[in-house]
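Participant: First the structure, then my questions, so here it is.
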Amino acid sequence: MRGHWRPSKHSAPTTETGPIAVIGGHLSRTIPFHFVDVFAVEPLTGNSLAVVDSGGELALELMQNIAREFNQSETTFVLPATRADADWKLRSFTPKGVEVFGAGGHNTLGAWWWLAAAGRLDLGDGPTWFHQQIGDLVYPLAIWQSQGKLEKIIMQQEAPVAGRQLSNLGALAKALGLDTEEIAADVVPCQVVSTGAAHLLVPIRDREAVDRISPDAKQLFDLLNEVGGEGCYVFSLDPRQPETTAYARFFNPTVGISEDPATGTAAGPLAAHLVAHGLAQPGVVKVEQGTALGRTSIIEVDVDAGSVSVSGRCIVVASGAFSI
């Protein structure tokens, strides 16, 4: 089923970028926002995302300032599509103002969950297909509903591309605060893999070692630059959660994220990496992340013949508005 979006219903007069408010005798734009827990197993778990319903294009500096104000790992702005083959355009920024690209991360999945939960999309039972514009690219996604209840969102990522391997395990161990033998490069390579965003995948002996990791941001930043990785996804193959394959943490000093509790753009590459090296079967691979931060997340990845998609559930936990 092909979906359609519905316009927002504002009770106040609006400008191009949102309703008008009067504060202190002066006109001010009111810009709604919402907090969504993405890949969450219950409220206040998963990866918290700020979703801004801007109503129209905002100045780049304003979007960066709003992202800094929220101080979430990413803030996503829901915008009208500028391509005829897309339903919505999404732009996401870190607190440092770095724009994030690629599909299947918590920043995109959470925005679409909010659009669906807010009644901004026409949905039928089963999957309804939409297209999202991110940068210059358009990615398909499906929103799955059963008897009027949102079940999950499935996002297609790019085909996996294997990049450089990191062979200096001593330097990597030092950057992570581990002993060299705790890096399990004999099981699967430390390698950069991309399904839209290139991340360094680092196998660790067990989850206890994963939990002990305390990275040196500068040293890790330098190693990531050497191998062409954006972030560092450390993982072990002894997860706590049932039916999951890997236990992971994500660090991204290149864009100012100290640690992320759920990272779909890294779970996709990891699942493809494990399948490519015979450590997981093609099909659904589930990754546990965020437990070390007290925000357990379950990310479901489907790997099939070079095709990678990420799916998950979300919970809208709060709403408000900026008056700017």
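Note on naming: chains are A, B, ... as they come in the structure tokens, residues start from 1 per chain, ligands start from 1 in the order shown.
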Please identify every residue of stretch 98-140 of chain A that has at least one atom no farther than 7 Å from an atom of stretch 76-91 of chain A, counting only C-alpha atoms, and for each give the shortest atom pair and the distance in Å to one decimal, arranged by chain then increasing number, as CSV.

Facilitator:
residue,atom,partner,partner_atom,distance
A:Asn107,CA,A:Thr76,CA,6.0
A:Ala111,CA,A:Thr76,CA,6.8
A:Phe130,CA,A:Asp87,CA,6.4
A:His131,CA,A:Ala86,CA,4.8
A:Gln132,CA,A:Trp88,CA,5.3
A:Gln133,CA,A:Lys89,CA,4.4
A:Ile134,CA,A:Leu90,CA,5.6
A:Val138,CA,A:Ala86,CA,6.5

Participant: Considering only C-alpha atoms, tabulate each residue of stretch 219-313 of chain A that lies at most 8 Å from stretch 35-45 of chain A along with its nearest interatomic pair and the corresponding distance in Å to one decimal; arrange the rows by chain and ascending residue number and present them as a Markdown table.

Facilitator:
| residue | atom | partner | partner_atom | distance |
| --- | --- | --- | --- | --- |
| A:Ala262 | CA | A:Phe39 | CA | 6.8 |
| A:Gly294 | CA | A:Thr45 | CA | 7.3 |
| A:Arg295 | CA | A:Thr45 | CA | 4.1 |
| A:Thr296 | CA | A:Thr45 | CA | 5.7 |
| A:Ser297 | CA | A:Phe39 | CA | 5.2 |
| A:Ile298 | CA | A:Phe39 | CA | 5.6 |
| A:Ile299 | CA | A:Phe39 | CA | 6.1 |
| A:Gly312 | CA | A:Phe39 | CA | 5.2 |
| A:Arg313 | CA | A:Phe39 | CA | 5.2 |

Participant: With N, CA, C and O atoms retained, export the selected residues as a PDB file, in the first residue's frame.

Facilitator:
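Output file again.pdb follows:
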ATOM      1  N   ALA A 262      21.171   3.702  21.059  1.00  0.00           N
ATOM      2  CA  ALA A 262      20.622   2.859  19.988  1.00  0.00           C
ATOM      3  C   ALA A 262      20.997   3.489  18.658  1.00  0.00           C
ATOM      4  O   ALA A 262      20.681   4.653  18.416  1.00  0.00           O
ATOM      5  N   GLY A 294      21.616   2.207  30.902  1.00  0.00           N
ATOM      6  CA  GLY A 294      20.320   2.084  31.550  1.00  0.00           C
ATOM      7  C   GLY A 294      19.162   2.361  30.605  1.00  0.00           C
ATOM      8  O   GLY A 294      18.042   2.633  31.055  1.00  0.00           O
ATOM      9  N   ARG A 295      19.386   2.275  29.278  1.00  0.00           N
ATOM     10  CA  ARG A 295      18.346   2.536  28.284  1.00  0.00           C
ATOM     11  C   ARG A 295      18.356   1.398  27.248  1.00  0.00           C
ATOM     12  O   ARG A 295      18.682   1.611  26.076  1.00  0.00           O
ATOM     13  N   THR A 296      18.021   0.197  27.692  1.00  0.00           N
ATOM     14  CA  THR A 296      18.086  -0.970  26.815  1.00  0.00           C
ATOM     15  C   THR A 296      17.267  -0.759  25.551  1.00  0.00           C
ATOM     16  O   THR A 296      16.115  -0.324  25.596  1.00  0.00           O
ATOM     17  N   SER A 297      17.877  -1.095  24.424  1.00  0.00           N
ATOM     18  CA  SER A 297      17.241  -0.976  23.115  1.00  0.00           C
ATOM     19  C   SER A 297      17.405  -2.308  22.388  1.00  0.00           C
ATOM     20  O   SER A 297      18.412  -2.994  22.552  1.00  0.00           O
ATOM     21  N   ILE A 298      16.411  -2.634  21.569  1.00  0.00           N
ATOM     22  CA  ILE A 298      16.492  -3.810  20.708  1.00  0.00           C
ATOM     23  C   ILE A 298      16.336  -3.326  19.267  1.00  0.00           C
ATOM     24  O   ILE A 298      15.301  -2.753  18.903  1.00  0.00           O
ATOM     25  N   ILE A 299      17.370  -3.558  18.450  1.00  0.00           N
ATOM     26  CA  ILE A 299      17.361  -3.147  17.046  1.00  0.00           C
ATOM     27  C   ILE A 299      17.292  -4.412  16.200  1.00  0.00           C
ATOM     28  O   ILE A 299      18.139  -5.303  16.322  1.00  0.00           O
ATOM     29  N   GLY A 312      12.074  -1.282  14.096  1.00  0.00           N
ATOM     30  CA  GLY A 312      11.958  -1.104  15.531  1.00  0.00           C
ATOM     31  C   GLY A 312      10.650  -0.427  15.902  1.00  0.00           C
ATOM     32  O   GLY A 312       9.883   0.007  15.050  1.00  0.00           O
ATOM     33  N   ARG A 313      10.432  -0.342  17.204  1.00  0.00           N
ATOM     34  CA  ARG A 313       9.258   0.311  17.764  1.00  0.00           C
ATOM     35  C   ARG A 313       9.686   1.555  18.536  1.00  0.00           C
ATOM     36  O   ARG A 313      10.846   1.675  18.939  1.00  0.00           O
TER      37      ARG A 313
END

Participant: What parts of stretch 72-294 of chain A does DSSP call alpha helix (DSSP H)? I'd like the answer as a ChimeraX atom specification.

Facilitator: /A:106-117,169-176,207-212,217-227,264-276

Participant: Please report as CSV every residue of stretch 68-151 of chain A lying within 12 Å of stretch 227-242 of chain A, along with the nearest atom pair and their distance in Å (one decimal), using only C-alpha atoms.

Facilitator:
residue,atom,partner,partner_atom,distance
A:Val98,CA,A:Glu230,CA,12.0
A:Val100,CA,A:Glu230,CA,10.6
A:Phe101,CA,A:Glu230,CA,11.4

Participant: Take the residues just selected and output them with all heavy atoms as a PDB file, in the first residue's frame.

Facilitator:
ATOM      1  N   VAL A  98      26.387  19.246  13.542  1.00  0.00           N
ATOM      2  CA  VAL A  98      26.781  18.401  12.415  1.00  0.00           C
ATOM      3  C   VAL A  98      25.537  17.727  11.849  1.00  0.00           C
ATOM      4  O   VAL A  98      24.774  17.092  12.590  1.00  0.00           O
ATOM      5  CB  VAL A  98      27.800  17.331  12.843  1.00  0.00           C
ATOM      6  CG1 VAL A  98      28.158  16.422  11.678  1.00  0.00           C
ATOM      7  CG2 VAL A  98      29.056  18.001  13.409  1.00  0.00           C
ATOM      8  N   VAL A 100      23.465  14.882   9.962  1.00  0.00           N
ATOM      9  CA  VAL A 100      23.618  13.432   9.887  1.00  0.00           C
ATOM     10  C   VAL A 100      22.804  12.909   8.713  1.00  0.00           C
ATOM     11  O   VAL A 100      21.642  13.306   8.528  1.00  0.00           O
ATOM     12  CB  VAL A 100      23.149  12.775  11.198  1.00  0.00           C
ATOM     13  CG1 VAL A 100      23.255  11.262  11.116  1.00  0.00           C
ATOM     14  CG2 VAL A 100      23.972  13.310  12.367  1.00  0.00           C
ATOM     15  N   PHE A 101      23.391  12.004   7.935  1.00  0.00           N
ATOM     16  CA  PHE A 101      22.720  11.456   6.761  1.00  0.00           C
ATOM     17  C   PHE A 101      22.584   9.941   6.895  1.00  0.00           C
ATOM     18  O   PHE A 101      23.129   9.334   7.802  1.00  0.00           O
ATOM     19  CB  PHE A 101      23.490  11.818   5.491  1.00  0.00           C
ATOM     20  CG  PHE A 101      23.595  13.301   5.251  1.00  0.00           C
ATOM     21  CD1 PHE A 101      24.710  14.021   5.688  1.00  0.00           C
ATOM     22  CD2 PHE A 101      22.569  13.985   4.635  1.00  0.00           C
ATOM     23  CE1 PHE A 101      24.799  15.385   5.479  1.00  0.00           C
ATOM     24  CE2 PHE A 101      22.644  15.356   4.420  1.00  0.00           C
ATOM     25  CZ  PHE A 101      23.767  16.053   4.845  1.00  0.00           C
TER      26      PHE A 101
END

Participant: For a test of reading the model, state the distance in Å between atom CA of A:Glu57 and atom CA of A:Gly135, rounded to one decimal.

Facilitator: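 Pair atom CA of A:Glu57 / atom CA of A:Gly135 returns 13.5 Å.
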
Participant: Report, in Å with one decimal, the straight-line distance from atom CA of A:Pro32 to atom CA of A:Gly290.

Facilitator: 27.6 Å

Participant: Set the distance at 7 Å and use only C-alpha atoms: which residues neighbour A:Glu74 once local chain neighbours fewer than 6 positions away are removed? I'd like the list as a list in words.

Facilitator: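 That gives Leu49, Ser92, Phe93, Thr94, Pro95 and Asn107 of chain A.
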
Participant: Contacts of stretch 250-252 of chain A at 10 Å or less, counting only C-alpha atoms, minus same-chain residues fewer than 2 places along, as a VMD selection string?

Facilitator: chain A and resid 73 176 199 to 201 214 to 215 217 220 to 221 224 229 to 235 248 254 to 263 266 to 267 289 to 290

Participant: Which distance in Å separates atom CA of A:Pro127 and atom CA of A:Leu109, to one decimal?

Facilitator: 14.8 Å

Participant: Out of stretch 108-270 of chain A, which residues get strand (DSSP E) from DSSP, as a PyMOL selection string?

Facilitator: chain A and resi 121-122+126-134+137-146+149-156+161-165+191-194+198-203+231-236+246-252+257-260
